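Read through the structure below, which is laid out as structure tokens, and then see the notes.
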Amino acid sequence: MKSAYRYNKINNTAFVSKILVVIFIISLIPIIAVSFYTHPIYDDYYYSAALHNHFVNNKSIFQAPKVVLDQVIKEYLGWQGSYSSILMFQLQPGIISQDAYFLTTFLLMFVLIVGELSILKVLIVKVLNC
């Protein structure tokens, strides 16, 4: 009897998990639909201008990390200390073309989902031993 209860509990948990995954995927649909109407503004232009100008003038991908690092150091010393976010601001797809800017939404969703899943795995598997 006890094993049957445990089996039903595991099946219920698996069912609820599947329902939650479906709800999560459905909740992403409006975000994906709106992403095709996004355009870069203010900060997007400011932080990515140096790298965009580098690609327009030099077309050298090997010197691009130096351009990014120079911009990060400039902002870190002169304005604010959020160097890791400034690095990410510069690498948005809009530096290639404004038509590619919609990819920013997919890139951010990927990073956030992978980050959340990583944290949940550590919490559930390693901390809670489930």
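Order determines the names: the first chain of the structure tokens is A, the second B, and so forth; residues in each chain are numbered 1 upward, and ligands are numbered 1 upward as they are shown.
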
Excluding region 48-62 of chain A and residues on its chain fewer than 3 positions from it, collect all residues at most 12 Å away from it, counting only C-alpha atoms, and give them as a JSON list (two decimals) with C-alpha atoms, in the first residue's frame.
[["chain", "number", "residue", "atom", "x", "y", "z"],
["A", 40, "PRO", "CA", 17.35, 49.98, -30.09],
["A", 41, "ILE", "CA", 17.15, 53.26, -28.21],
["A", 42, "TYR", "CA", 19.36, 55.50, -26.03],
["A", 43, "ASP", "CA", 21.60, 53.15, -24.04],
["A", 44, "ASP", "CA", 21.70, 50.58, -26.83],
["A", 45, "TYR", "CA", 23.23, 53.11, -29.18],
["A", 65, "PRO", "CA", 37.67, 42.27, -27.61],
["A", 66, "LYS", "CA", 40.11, 45.16, -27.10],
["A", 67, "VAL", "CA", 37.45, 47.67, -28.17],
["A", 68, "VAL", "CA", 34.94, 46.10, -25.77],
["A", 69, "LEU", "CA", 37.44, 46.03, -22.91],
["A", 70, "ASP", "CA", 38.45, 49.66, -23.52],
["A", 71, "GLN", "CA", 34.80, 50.73, -23.34],
["A", 72, "VAL", "CA", 34.25, 48.73, -20.15],
["A", 74, "LYS", "CA", 36.26, 53.78, -19.63],
["A", 86, "ILE", "CA", 28.36, 47.14, -19.90],
["A", 87, "LEU", "CA", 30.14, 44.22, -21.53],
["A", 88, "MET", "CA", 26.77, 42.62, -22.31],
["A", 89, "PHE", "CA", 25.28, 45.93, -23.49],
["A", 90, "GLN", "CA", 27.96, 46.18, -26.16],
["A", 91, "LEU", "CA", 27.42, 42.67, -27.49],
["A", 92, "GLN", "CA", 23.77, 43.09, -28.44],
["A", 93, "PRO", "CA", 22.85, 41.98, -31.99],
["A", 94, "GLY", "CA", 22.00, 45.56, -33.00],
["A", 95, "ILE", "CA", 25.70, 46.24, -33.64],
["A", 96, "ILE", "CA", 25.43, 44.16, -36.80],
["A", 97, "SER", "CA", 22.14, 45.56, -38.06],
["A", 98, "GLN", "CA", 19.06, 47.17, -36.57],
["A", 101, "TYR", "CA", 17.89, 43.66, -32.82]]

Problem set entry | Close residues, Tyr37 (chain A) itself excluded, 12 Å, only C-alpha atoms, min 6 positions apart in chain, as a count of residues only | 10

Exercise. If you count only C-alpha atoms, which residues fall within 12 Å of Leu28 (chain A), apart from same-chain ones fewer than 4 positions away, as a PyMOL selection string?
Worked result: chain A and resi 21-24+32-35+105-106+109-110+113

Problem set entry | Separation of CA of Val111 (chain A) from CA of Ala14 (chain A), in Å and rounded to one decimal | 25.4 Å

For this session: Run DSSP on the backbone and give me the residues of region 51-89 of chain A it puts in alpha helix (DSSP H), as an MDAnalysis selection string.
Result: chainID A and resid 51:57 64:78 83:89

Can you write out the residues you just picked, keeping C-alpha atoms, as a PDB file, in the first residue's frame?
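Output saved as result_31.pdb:
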ATOM      1  CA  LEU A  51      32.093  48.335 -31.264  1.00  0.00           C
ATOM      2  CA  HIS A  52      29.795  49.161 -34.194  1.00  0.00           C
ATOM      3  CA  ASN A  53      32.235  51.837 -35.432  1.00  0.00           C
ATOM      4  CA  HIS A  54      35.081  49.371 -35.085  1.00  0.00           C
ATOM      5  CA  PHE A  55      33.302  46.841 -37.304  1.00  0.00           C
ATOM      6  CA  VAL A  56      32.316  49.484 -39.845  1.00  0.00           C
ATOM      7  CA  ASN A  57      35.838  50.942 -40.110  1.00  0.00           C
ATOM      8  CA  ALA A  64      36.951  43.595 -31.146  1.00  0.00           C
ATOM      9  CA  PRO A  65      37.674  42.273 -27.608  1.00  0.00           C
ATOM     10  CA  LYS A  66      40.110  45.160 -27.103  1.00  0.00           C
ATOM     11  CA  VAL A  67      37.453  47.670 -28.166  1.00  0.00           C
ATOM     12  CA  VAL A  68      34.937  46.096 -25.775  1.00  0.00           C
ATOM     13  CA  LEU A  69      37.436  46.028 -22.907  1.00  0.00           C
ATOM     14  CA  ASP A  70      38.455  49.660 -23.524  1.00  0.00           C
ATOM     15  CA  GLN A  71      34.795  50.731 -23.337  1.00  0.00           C
ATOM     16  CA  VAL A  72      34.247  48.726 -20.148  1.00  0.00           C
ATOM     17  CA  ILE A  73      37.303  50.284 -18.504  1.00  0.00           C
ATOM     18  CA  LYS A  74      36.257  53.777 -19.625  1.00  0.00           C
ATOM     19  CA  GLU A  75      32.770  53.371 -18.155  1.00  0.00           C
ATOM     20  CA  TYR A  76      34.044  51.688 -14.999  1.00  0.00           C
ATOM     21  CA  LEU A  77      36.511  54.469 -14.234  1.00  0.00           C
ATOM     22  CA  GLY A  78      34.443  57.396 -15.413  1.00  0.00           C
ATOM     23  CA  TYR A  83      31.365  46.502 -15.863  1.00  0.00           C
ATOM     24  CA  SER A  84      29.792  43.108 -16.528  1.00  0.00           C
ATOM     25  CA  SER A  85      26.510  44.605 -17.733  1.00  0.00           C
ATOM     26  CA  ILE A  86      28.356  47.135 -19.901  1.00  0.00           C
ATOM     27  CA  LEU A  87      30.143  44.216 -21.531  1.00  0.00           C
ATOM     28  CA  MET A  88      26.767  42.618 -22.315  1.00  0.00           C
ATOM     29  CA  PHE A  89      25.279  45.930 -23.494  1.00  0.00           C
TER      30      PHE A  89
END
